[in-house]
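The block underneath contains the structure these notes are about, expressed in structure tokens.
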Amino acid sequence: MPPGDLLAEWEGMAVTDGRHLFLEGGAGVEIAAVRGTRDILPGESRLWAWVEEAARRTCARYHYEEIRTPIFELAALFARGIGEVTDIVEKEMYTFVDRGGRELALRPEGTAGVVRAVLEHKLYAGPLPVKLFYVGPMFRYERPQAGRYRQFTQFGVEAFGSADAALDAEIISLGISFLTEVGLKEWELRLNSIGCPVCRGPYRELLRSRLEPLRHELCVSCQQRLDRNPLRVLDCKEEGCRRLTEGIPPIDEYLCPECRRHWESVQEHLNALGIPFRRYPRLVRGLDYYTRTVFELVTIGLGSQDAVLGGGRYDGLAEMMGGPSVPAIGFAAGLDRLLLGLEAAGTLPEPGPEVDLYVARVGDVPQAQVLRLVTELRRQGLRVDMDFLGRSLKTQMKTADRLGAVFTLVVGEGEWERGEVLLRRMSDGSQEVLPREGLAEKVAERLAAAQAIARGEV
Ligand SMILES: [Zn+2]
Ligand SMILES: [Zn+2]
């Protein structure tokens with residue numbers, strides 16, 4: 001039996017010739033990531049770890065705790081939470097029926113799942129506010145382009161249980177701290193209030209009455225928006241639509257007394273924090289569930305005018321999803337585009353060394369003993385690697401250099417028999433003979449000293 005058939009029998013489903021995957025006797029399918037998805041390989045994955053660590057660090061300072069919700073949920077949850085008439089739910093969701101006949105969807109955004117979890121576990125009945133963050137993949141069937149993937153990663157925060165404008169200011173401040181943490185010091189905060197269902201109704205009617213006579217001058221999307229959600233005509237990017245909406249009074253002139261007080265209080269809090277903002281009447285955000293405060297952080301100097309982070313208050317969402325009334329506010333940031341922007345701006349951190357120490361084996365020293373030595377060094381907390389391909393000393397030294405090792409430990413046959421090894425400092429080539437006895441501790445000491453010097457502490 002050819003090995004391929006054996007494999008097929010073992011795996012019960014698929015064999016591969018290295019380029020194609022053969023599914024149960026069918027034609028070969030090319031082995032490639034699905035359109036709109038990608039692999040994040042070492043090198044880039046370090047940058048991802050770095051940006052996610054910045055998010056976690058920032059959240060810890062603001063006392064936001066991590067929540068991990070499932071990647072798929074009942075499709076109805078998103079229809080309910082995001083609104084059935086949004087592009088996301090209508091055209092962009094990955095929906096499927098599972099073997100139990102449930103209609104499921106890969107999450108297209110993070111908020112609906114978090115709200116579902118808060119309601120399901122009655123977190124709103126515990127200490128308030130409930131302050132949460134998440135980092136993870138989201139899925140939307142969109143046209144792939146630079147920085148936009150069908151599986152993309154969002155970092156988001158959500159705070160439940162307080163309608164106080166101080167919380168709006170805190171969330172915005174958290175967003176700015178995060179951008180600062182990843183090296184984005186120039187940004188513009190765009191801020192608006194879109195009121196509540198009470199005051200938004202009359203404003204919607206105003207928009208309809210002003211725009212209906214101009215319907216055929218609006219772009220195709222806006223003609224649809226006019227019927228479903230006329231507020232969204234305001235944030236259309238088309239030049240023609242912008243011109244037509246120019247004379248329309250801003251929504252904040254139509255706020256009810258409660259919404260007006262909240263809107264003023266948000267601005268006072270931001271002023272108190274020294275956070276500059278621009279009132280941006282066109283900002284309405286794409287999702288139906290927002291109320292009152294909406295905001296975006298647009299970075300300056302990253303080439304695009306797209307927001308890297310956006311969010312707002314959604315006081316009515318919990319109730320809309322069948323729970324009690326729980327005021328809430330949050331934001332989400334697309335990390336794929338953020339990293340692309342940082343790369344374009346040349347502000348990504350330099351890749352650091354991959355190991356502290358490389359162990360080079362020369363001659364007939366038994367591999368098992370070298371591996372044991374490497375393990376002892378790793379137990380000291382050092383990042384250590386060694387050769388597994390029997391390469392020459394010269395090649396091993398090159399590898400040590402490439403990995404950024406501070407020292408290379410040369411285990412040569414003669415020294416090994418005398419119970420000694422050679423420690424070579426890679427920066428200047430200076431060498432020192434060390435006894436095998438207590439070697440790991442000594443190497444750890446030398447390394448700590450060398451790293452302190454490199455940091456300029458000595
Ligand atoms: Zn209102
Ligand atoms: Zn338009």
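Numbering starts fresh at 1 for the residues of each chain in the structure tokens, the chains themselves are lettered A, B, ... in the order given, and ligands are numbered from 1 as they appear.
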
As a quick test: using only C-alpha atoms and all ligand atoms, which residues lie no more than 7 Å away from ligand 2? Give them as a ChimeraX atom specification.
/A:218-222,233,236-238,241

Test item: residues no farther than 9 Å from ligand 1, counting only C-alpha atoms and all ligand atoms, as an mmCIF file with C-alpha atoms, in the first residue's frame:
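Below is the file pocket.cif, written as the result:
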data_model
loop_
_atom_site.group_PDB
_atom_site.id
_atom_site.type_symbol
_atom_site.label_atom_id
_atom_site.label_comp_id
_atom_site.auth_asym_id
_atom_site.auth_seq_id
_atom_site.Cartn_x
_atom_site.Cartn_y
_atom_site.Cartn_z
ATOM 1 C CA ILE A 194 -26.145 61.215 18.930
ATOM 2 C CA GLY A 195 -28.686 61.520 21.718
ATOM 3 C CA CYS A 196 -31.124 58.887 22.886
ATOM 4 C CA PRO A 197 -34.235 57.366 21.245
ATOM 5 C CA VAL A 198 -36.242 60.301 22.654
ATOM 6 C CA CYS A 199 -34.291 63.067 20.948
ATOM 7 C CA ARG A 200 -33.032 61.115 17.953
ATOM 8 C CA TYR A 254 -31.634 68.720 19.133
ATOM 9 C CA LEU A 255 -30.617 66.855 22.299
ATOM 10 C CA CYS A 256 -33.139 66.377 25.099
ATOM 11 C CA PRO A 257 -32.208 67.999 28.467
ATOM 12 C CA GLU A 258 -30.723 64.761 29.904
ATOM 13 C CA CYS A 259 -28.648 64.073 26.800
ATOM 14 C CA ARG A 260 -27.495 67.698 26.681
ATOM 15 C CA THR A 291 -26.584 56.314 22.241
ATOM 16 C CA ARG A 292 -25.222 59.679 23.392
#

Per DSSP on the backbone, what are the alpha helix (DSSP H) residues of stretch 127-333 of chain A, as a PDB file with N, CA and C atoms, in the first residue's frame?
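Okay, part_33.pdb is ready:
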ATOM      1  N   ALA A 165     -20.846  60.506  32.990  1.00  0.00           N
ATOM      2  CA  ALA A 165     -19.964  60.988  31.929  1.00  0.00           C
ATOM      3  C   ALA A 165     -18.488  60.761  32.269  1.00  0.00           C
ATOM      4  N   ALA A 166     -18.190  60.600  33.566  1.00  0.00           N
ATOM      5  CA  ALA A 166     -16.802  60.332  33.963  1.00  0.00           C
ATOM      6  C   ALA A 166     -16.315  59.035  33.345  1.00  0.00           C
ATOM      7  N   LEU A 167     -17.228  58.070  33.197  1.00  0.00           N
ATOM      8  CA  LEU A 167     -16.850  56.787  32.605  1.00  0.00           C
ATOM      9  C   LEU A 167     -16.558  56.957  31.106  1.00  0.00           C
ATOM     10  N   ASP A 168     -17.322  57.822  30.443  1.00  0.00           N
ATOM     11  CA  ASP A 168     -17.046  58.116  29.032  1.00  0.00           C
ATOM     12  C   ASP A 168     -15.626  58.657  28.902  1.00  0.00           C
ATOM     13  N   ALA A 169     -15.302  59.604  29.807  1.00  0.00           N
ATOM     14  CA  ALA A 169     -13.974  60.222  29.755  1.00  0.00           C
ATOM     15  C   ALA A 169     -12.885  59.192  30.071  1.00  0.00           C
ATOM     16  N   GLU A 170     -13.160  58.305  31.020  1.00  0.00           N
ATOM     17  CA  GLU A 170     -12.156  57.295  31.366  1.00  0.00           C
ATOM     18  C   GLU A 170     -11.871  56.364  30.189  1.00  0.00           C
ATOM     19  N   ILE A 171     -12.940  55.929  29.520  1.00  0.00           N
ATOM     20  CA  ILE A 171     -12.782  55.021  28.372  1.00  0.00           C
ATOM     21  C   ILE A 171     -11.968  55.702  27.258  1.00  0.00           C
ATOM     22  N   ILE A 172     -12.284  56.957  26.999  1.00  0.00           N
ATOM     23  CA  ILE A 172     -11.555  57.698  25.961  1.00  0.00           C
ATOM     24  C   ILE A 172     -10.084  57.834  26.360  1.00  0.00           C
ATOM     25  N   SER A 173      -9.871  58.147  27.632  1.00  0.00           N
ATOM     26  CA  SER A 173      -8.507  58.286  28.136  1.00  0.00           C
ATOM     27  C   SER A 173      -7.738  56.964  28.018  1.00  0.00           C
ATOM     28  N   LEU A 174      -8.440  55.847  28.270  1.00  0.00           N
ATOM     29  CA  LEU A 174      -7.815  54.525  28.130  1.00  0.00           C
ATOM     30  C   LEU A 174      -7.376  54.305  26.674  1.00  0.00           C
ATOM     31  N   GLY A 175      -8.260  54.655  25.749  1.00  0.00           N
ATOM     32  CA  GLY A 175      -7.942  54.500  24.324  1.00  0.00           C
ATOM     33  C   GLY A 175      -6.704  55.291  23.937  1.00  0.00           C
ATOM     34  N   ILE A 176      -6.626  56.524  24.429  1.00  0.00           N
ATOM     35  CA  ILE A 176      -5.471  57.373  24.116  1.00  0.00           C
ATOM     36  C   ILE A 176      -4.205  56.796  24.752  1.00  0.00           C
ATOM     37  N   SER A 177      -4.312  56.310  26.000  1.00  0.00           N
ATOM     38  CA  SER A 177      -3.153  55.706  26.660  1.00  0.00           C
ATOM     39  C   SER A 177      -2.628  54.519  25.863  1.00  0.00           C
ATOM     40  N   PHE A 178      -3.560  53.736  25.318  1.00  0.00           N
ATOM     41  CA  PHE A 178      -3.150  52.586  24.520  1.00  0.00           C
ATOM     42  C   PHE A 178      -2.370  53.034  23.276  1.00  0.00           C
ATOM     43  N   LEU A 179      -2.902  54.038  22.573  1.00  0.00           N
ATOM     44  CA  LEU A 179      -2.204  54.525  21.379  1.00  0.00           C
ATOM     45  C   LEU A 179      -0.827  55.078  21.747  1.00  0.00           C
ATOM     46  N   THR A 180      -0.757  55.786  22.876  1.00  0.00           N
ATOM     47  CA  THR A 180       0.519  56.330  23.330  1.00  0.00           C
ATOM     48  C   THR A 180       1.501  55.191  23.619  1.00  0.00           C
ATOM     49  N   GLU A 181       0.970  54.147  24.263  1.00  0.00           N
ATOM     50  CA  GLU A 181       1.776  52.979  24.631  1.00  0.00           C
ATOM     51  C   GLU A 181       2.420  52.317  23.403  1.00  0.00           C
ATOM     52  N   PRO A 197     -33.061  57.574  22.112  1.00  0.00           N
ATOM     53  CA  PRO A 197     -34.235  57.366  21.245  1.00  0.00           C
ATOM     54  C   PRO A 197     -35.229  58.526  21.328  1.00  0.00           C
ATOM     55  N   VAL A 198     -35.295  59.191  22.496  1.00  0.00           N
ATOM     56  CA  VAL A 198     -36.242  60.301  22.654  1.00  0.00           C
ATOM     57  C   VAL A 198     -35.889  61.453  21.713  1.00  0.00           C
ATOM     58  N   CYS A 199     -34.629  61.882  21.740  1.00  0.00           N
ATOM     59  CA  CYS A 199     -34.291  63.067  20.948  1.00  0.00           C
ATOM     60  C   CYS A 199     -33.855  62.728  19.522  1.00  0.00           C
ATOM     61  N   ARG A 200     -33.513  61.461  19.290  1.00  0.00           N
ATOM     62  CA  ARG A 200     -33.032  61.115  17.953  1.00  0.00           C
ATOM     63  C   ARG A 200     -34.193  61.064  16.961  1.00  0.00           C
ATOM     64  N   GLY A 201     -35.367  60.700  17.437  1.00  0.00           N
ATOM     65  CA  GLY A 201     -36.536  60.600  16.552  1.00  0.00           C
ATOM     66  C   GLY A 201     -36.801  61.887  15.786  1.00  0.00           C
ATOM     67  N   PRO A 202     -36.978  63.000  16.510  1.00  0.00           N
ATOM     68  CA  PRO A 202     -37.240  64.256  15.808  1.00  0.00           C
ATOM     69  C   PRO A 202     -36.092  64.655  14.874  1.00  0.00           C
ATOM     70  N   TYR A 203     -34.851  64.370  15.271  1.00  0.00           N
ATOM     71  CA  TYR A 203     -33.714  64.736  14.412  1.00  0.00           C
ATOM     72  C   TYR A 203     -33.737  63.901  13.131  1.00  0.00           C
ATOM     73  N   ARG A 204     -34.087  62.619  13.286  1.00  0.00           N
ATOM     74  CA  ARG A 204     -34.209  61.746  12.118  1.00  0.00           C
ATOM     75  C   ARG A 204     -35.238  62.301  11.135  1.00  0.00           C
ATOM     76  N   GLU A 205     -36.356  62.771  11.712  1.00  0.00           N
ATOM     77  CA  GLU A 205     -37.404  63.328  10.865  1.00  0.00           C
ATOM     78  C   GLU A 205     -36.926  64.574  10.151  1.00  0.00           C
ATOM     79  N   LEU A 206     -36.152  65.390  10.870  1.00  0.00           N
ATOM     80  CA  LEU A 206     -35.600  66.586  10.252  1.00  0.00           C
ATOM     81  C   LEU A 206     -34.721  66.203   9.054  1.00  0.00           C
ATOM     82  N   LEU A 207     -33.852  65.199   9.275  1.00  0.00           N
ATOM     83  CA  LEU A 207     -32.966  64.759   8.197  1.00  0.00           C
ATOM     84  C   LEU A 207     -33.777  64.278   7.009  1.00  0.00           C
ATOM     85  N   ARG A 208     -34.804  63.480   7.295  1.00  0.00           N
ATOM     86  CA  ARG A 208     -35.640  62.938   6.209  1.00  0.00           C
ATOM     87  C   ARG A 208     -36.307  64.063   5.416  1.00  0.00           C
ATOM     88  N   SER A 209     -36.858  65.022   6.141  1.00  0.00           N
ATOM     89  CA  SER A 209     -37.600  66.074   5.430  1.00  0.00           C
ATOM     90  C   SER A 209     -36.638  66.941   4.609  1.00  0.00           C
ATOM     91  N   ARG A 210     -35.396  67.131   5.127  1.00  0.00           N
ATOM     92  CA  ARG A 210     -34.440  67.936   4.375  1.00  0.00           C
ATOM     93  C   ARG A 210     -33.894  67.185   3.169  1.00  0.00           C
ATOM     94  N   LEU A 211     -33.692  65.868   3.325  1.00  0.00           N
ATOM     95  CA  LEU A 211     -32.985  65.116   2.295  1.00  0.00           C
ATOM     96  C   LEU A 211     -33.901  64.459   1.268  1.00  0.00           C
ATOM     97  N   VAL A 220     -26.129  55.880  -4.034  1.00  0.00           N
ATOM     98  CA  VAL A 220     -27.056  54.750  -3.917  1.00  0.00           C
ATOM     99  C   VAL A 220     -27.183  54.276  -2.469  1.00  0.00           C
ATOM    100  N   SER A 221     -26.038  54.168  -1.773  1.00  0.00           N
ATOM    101  CA  SER A 221     -26.085  53.707  -0.380  1.00  0.00           C
ATOM    102  C   SER A 221     -26.903  54.670   0.462  1.00  0.00           C
ATOM    103  N   CYS A 222     -26.712  55.961   0.240  1.00  0.00           N
ATOM    104  CA  CYS A 222     -27.408  56.944   1.064  1.00  0.00           C
ATOM    105  C   CYS A 222     -28.905  56.955   0.774  1.00  0.00           C
ATOM    106  N   GLN A 223     -29.286  56.610  -0.448  1.00  0.00           N
ATOM    107  CA  GLN A 223     -30.719  56.522  -0.745  1.00  0.00           C
ATOM    108  C   GLN A 223     -31.361  55.446   0.121  1.00  0.00           C
ATOM    109  N   GLN A 224     -30.608  54.347   0.335  1.00  0.00           N
ATOM    110  CA  GLN A 224     -31.119  53.293   1.223  1.00  0.00           C
ATOM    111  C   GLN A 224     -31.083  53.758   2.680  1.00  0.00           C
ATOM    112  N   ARG A 225     -29.966  54.442   3.036  1.00  0.00           N
ATOM    113  CA  ARG A 225     -29.835  54.919   4.427  1.00  0.00           C
ATOM    114  C   ARG A 225     -30.967  55.867   4.791  1.00  0.00           C
ATOM    115  N   LEU A 226     -31.390  56.659   3.814  1.00  0.00           N
ATOM    116  CA  LEU A 226     -32.449  57.635   4.046  1.00  0.00           C
ATOM    117  C   LEU A 226     -33.698  56.935   4.580  1.00  0.00           C
ATOM    118  N   ASP A 227     -33.971  55.724   4.088  1.00  0.00           N
ATOM    119  CA  ASP A 227     -35.147  54.992   4.546  1.00  0.00           C
ATOM    120  C   ASP A 227     -34.917  54.319   5.895  1.00  0.00           C
ATOM    121  N   ARG A 228     -33.708  53.759   6.066  1.00  0.00           N
ATOM    122  CA  ARG A 228     -33.491  52.924   7.249  1.00  0.00           C
ATOM    123  C   ARG A 228     -32.882  53.673   8.418  1.00  0.00           C
ATOM    124  N   GLU A 239     -18.276  62.867  -1.803  1.00  0.00           N
ATOM    125  CA  GLU A 239     -18.223  64.328  -1.838  1.00  0.00           C
ATOM    126  C   GLU A 239     -19.627  64.927  -2.036  1.00  0.00           C
ATOM    127  N   GLY A 240     -20.378  64.349  -2.982  1.00  0.00           N
ATOM    128  CA  GLY A 240     -21.717  64.858  -3.305  1.00  0.00           C
ATOM    129  C   GLY A 240     -22.639  64.845  -2.093  1.00  0.00           C
ATOM    130  N   CYS A 241     -22.628  63.719  -1.352  1.00  0.00           N
ATOM    131  CA  CYS A 241     -23.484  63.592  -0.172  1.00  0.00           C
ATOM    132  C   CYS A 241     -23.055  64.582   0.910  1.00  0.00           C
ATOM    133  N   ARG A 242     -21.754  64.793   1.024  1.00  0.00           N
ATOM    134  CA  ARG A 242     -21.239  65.732   2.034  1.00  0.00           C
ATOM    135  C   ARG A 242     -21.764  67.139   1.750  1.00  0.00           C
ATOM    136  N   ARG A 243     -21.726  67.511   0.456  1.00  0.00           N
ATOM    137  CA  ARG A 243     -22.174  68.846   0.085  1.00  0.00           C
ATOM    138  C   ARG A 243     -23.662  69.019   0.415  1.00  0.00           C
ATOM    139  N   LEU A 244     -24.437  67.989   0.102  1.00  0.00           N
ATOM    140  CA  LEU A 244     -25.887  68.079   0.313  1.00  0.00           C
ATOM    141  C   LEU A 244     -26.265  68.181   1.794  1.00  0.00           C
ATOM    142  N   THR A 245     -25.405  67.650   2.672  1.00  0.00           N
ATOM    143  CA  THR A 245     -25.746  67.659   4.100  1.00  0.00           C
ATOM    144  C   THR A 245     -25.085  68.824   4.851  1.00  0.00           C
ATOM    145  N   PRO A 257     -32.967  67.422  27.348  1.00  0.00           N
ATOM    146  CA  PRO A 257     -32.208  67.999  28.467  1.00  0.00           C
ATOM    147  C   PRO A 257     -31.223  67.011  29.102  1.00  0.00           C
ATOM    148  N   GLU A 258     -31.630  65.746  29.273  1.00  0.00           N
ATOM    149  CA  GLU A 258     -30.723  64.761  29.904  1.00  0.00           C
ATOM    150  C   GLU A 258     -29.505  64.509  29.014  1.00  0.00           C
ATOM    151  N   CYS A 259     -29.755  64.334  27.725  1.00  0.00           N
ATOM    152  CA  CYS A 259     -28.648  64.073  26.800  1.00  0.00           C
ATOM    153  C   CYS A 259     -27.724  65.291  26.713  1.00  0.00           C
ATOM    154  N   ARG A 260     -28.306  66.482  26.751  1.00  0.00           N
ATOM    155  CA  ARG A 260     -27.495  67.698  26.681  1.00  0.00           C
ATOM    156  C   ARG A 260     -26.581  67.797  27.900  1.00  0.00           C
ATOM    157  N   ARG A 261     -27.160  67.504  29.080  1.00  0.00           N
ATOM    158  CA  ARG A 261     -26.353  67.563  30.308  1.00  0.00           C
ATOM    159  C   ARG A 261     -25.191  66.570  30.229  1.00  0.00           C
ATOM    160  N   HIS A 262     -25.501  65.371  29.757  1.00  0.00           N
ATOM    161  CA  HIS A 262     -24.466  64.344  29.636  1.00  0.00           C
ATOM    162  C   HIS A 262     -23.373  64.799  28.663  1.00  0.00           C
ATOM    163  N   TRP A 263     -23.781  65.320  27.549  1.00  0.00           N
ATOM    164  CA  TRP A 263     -22.862  65.786  26.490  1.00  0.00           C
ATOM    165  C   TRP A 263     -21.933  66.878  27.027  1.00  0.00           C
ATOM    166  N   GLU A 264     -22.505  67.804  27.790  1.00  0.00           N
ATOM    167  CA  GLU A 264     -21.680  68.877  28.363  1.00  0.00           C
ATOM    168  C   GLU A 264     -20.729  68.323  29.418  1.00  0.00           C
ATOM    169  N   SER A 265     -21.245  67.378  30.194  1.00  0.00           N
ATOM    170  CA  SER A 265     -20.418  66.799  31.248  1.00  0.00           C
ATOM    171  C   SER A 265     -19.228  66.018  30.669  1.00  0.00           C
ATOM    172  N   VAL A 266     -19.446  65.312  29.579  1.00  0.00           N
ATOM    173  CA  VAL A 266     -18.342  64.579  28.929  1.00  0.00           C
ATOM    174  C   VAL A 266     -17.249  65.569  28.531  1.00  0.00           C
ATOM    175  N   GLN A 267     -17.672  66.694  27.943  1.00  0.00           N
ATOM    176  CA  GLN A 267     -16.691  67.683  27.493  1.00  0.00           C
ATOM    177  C   GLN A 267     -15.944  68.299  28.680  1.00  0.00           C
ATOM    178  N   GLU A 268     -16.681  68.544  29.778  1.00  0.00           N
ATOM    179  CA  GLU A 268     -16.023  69.085  30.982  1.00  0.00           C
ATOM    180  C   GLU A 268     -14.975  68.115  31.514  1.00  0.00           C
ATOM    181  N   HIS A 269     -15.340  66.833  31.555  1.00  0.00           N
ATOM    182  CA  HIS A 269     -14.393  65.829  32.062  1.00  0.00           C
ATOM    183  C   HIS A 269     -13.147  65.749  31.180  1.00  0.00           C
ATOM    184  N   LEU A 270     -13.347  65.805  29.870  1.00  0.00           N
ATOM    185  CA  LEU A 270     -12.190  65.740  28.970  1.00  0.00           C
ATOM    186  C   LEU A 270     -11.311  66.970  29.154  1.00  0.00           C
ATOM    187  N   ASN A 271     -11.939  68.117  29.319  1.00  0.00           N
ATOM    188  CA  ASN A 271     -11.167  69.340  29.573  1.00  0.00           C
ATOM    189  C   ASN A 271     -10.360  69.212  30.854  1.00  0.00           C
ATOM    190  N   ALA A 272     -10.997  68.647  31.881  1.00  0.00           N
ATOM    191  CA  ALA A 272     -10.306  68.477  33.164  1.00  0.00           C
ATOM    192  C   ALA A 272      -9.104  67.548  33.020  1.00  0.00           C
ATOM    193  N   LEU A 273      -9.194  66.585  32.083  1.00  0.00           N
ATOM    194  CA  LEU A 273      -8.091  65.649  31.872  1.00  0.00           C
ATOM    195  C   LEU A 273      -7.053  66.212  30.898  1.00  0.00           C
ATOM    196  N   LEU A 317     -28.608  48.796  24.771  1.00  0.00           N
ATOM    197  CA  LEU A 317     -28.348  47.492  24.142  1.00  0.00           C
ATOM    198  C   LEU A 317     -28.748  46.303  25.016  1.00  0.00           C
ATOM    199  N   ALA A 318     -28.408  46.366  26.309  1.00  0.00           N
ATOM    200  CA  ALA A 318     -28.706  45.234  27.195  1.00  0.00           C
ATOM    201  C   ALA A 318     -30.211  44.949  27.207  1.00  0.00           C
ATOM    202  N   GLU A 319     -30.997  46.009  27.265  1.00  0.00           N
ATOM    203  CA  GLU A 319     -32.450  45.855  27.280  1.00  0.00           C
ATOM    204  C   GLU A 319     -32.948  45.314  25.928  1.00  0.00           C
ATOM    205  N   MET A 320     -32.340  45.841  24.855  1.00  0.00           N
ATOM    206  CA  MET A 320     -32.701  45.399  23.514  1.00  0.00           C
ATOM    207  C   MET A 320     -32.446  43.903  23.354  1.00  0.00           C
TER     208      MET A 320
END

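Comparing the minimum interatomic distances between A:Arg391 and each of A:Arg372, A:Arg361, A:Arg379, A:Arg38, counting only C-alpha atoms, we find that A:Arg361 sits nearest.
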
Using only C-alpha atoms, I'd like a table of the residues in stretch 298-380 of chain A that come within 10 Å of stretch 419-434 of chain A; for each, show the closest atom pair and its distance in Å rounded to one decimal, ordered by chain and ascending number, as a tab-separated table.
residue	atom	partner	partner_atom	distance
A:Leu357	CA	A:Arg425	CA	9.7
A:Tyr358	CA	A:Arg424	CA	9.9
A:Val359	CA	A:Leu423	CA	9.3
A:Ala360	CA	A:Leu422	CA	9.8

For the residues in that selection, give me C-alpha atoms as a JSON list (two decimals), in the first residue's frame.
[["chain", "number", "residue", "atom", "x", "y", "z"],
["A", 357, "LEU", "CA", 22.89, 32.36, 25.05],
["A", 358, "TYR", "CA", 23.83, 29.93, 22.32],
["A", 359, "VAL", "CA", 25.55, 26.65, 23.10],
["A", 360, "ALA", "CA", 27.95, 25.47, 20.39]]

Determine the nearest neighbour of A:Pro281 from the options A:Ala49, A:Ala307, A:Ile251, A:Val411, counting only C-alpha atoms.
A:Ile251

Each stretch 41-71 of chain A residue no farther than 10 Å from stretch 101-108 of chain A, nearest pair in Å, only C-alpha atoms, as a Markdown table:
| residue | atom | partner | partner_atom | distance |
| --- | --- | --- | --- | --- |
| A:Thr69 | CA | A:Arg107 | CA | 9.7 |
| A:Pro70 | CA | A:Arg107 | CA | 8.3 |
| A:Ile71 | CA | A:Arg107 | CA | 5.7 |

Taking 3 positions as the minimum chain separation for residues in the same chain, which residues sit within 8 Å of A:Gln380 when counting only C-alpha atoms? Answer as a list in words.
Glu376, Leu377, Ala440, Glu441 and Ala444 of chain A

In Å, rounded to a single decimal, give me how far atom CA of A:Glu445 is from atom CA of A:Val365.
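Atom CA of A:Glu445 lies 25.1 Å from atom CA of A:Val365.
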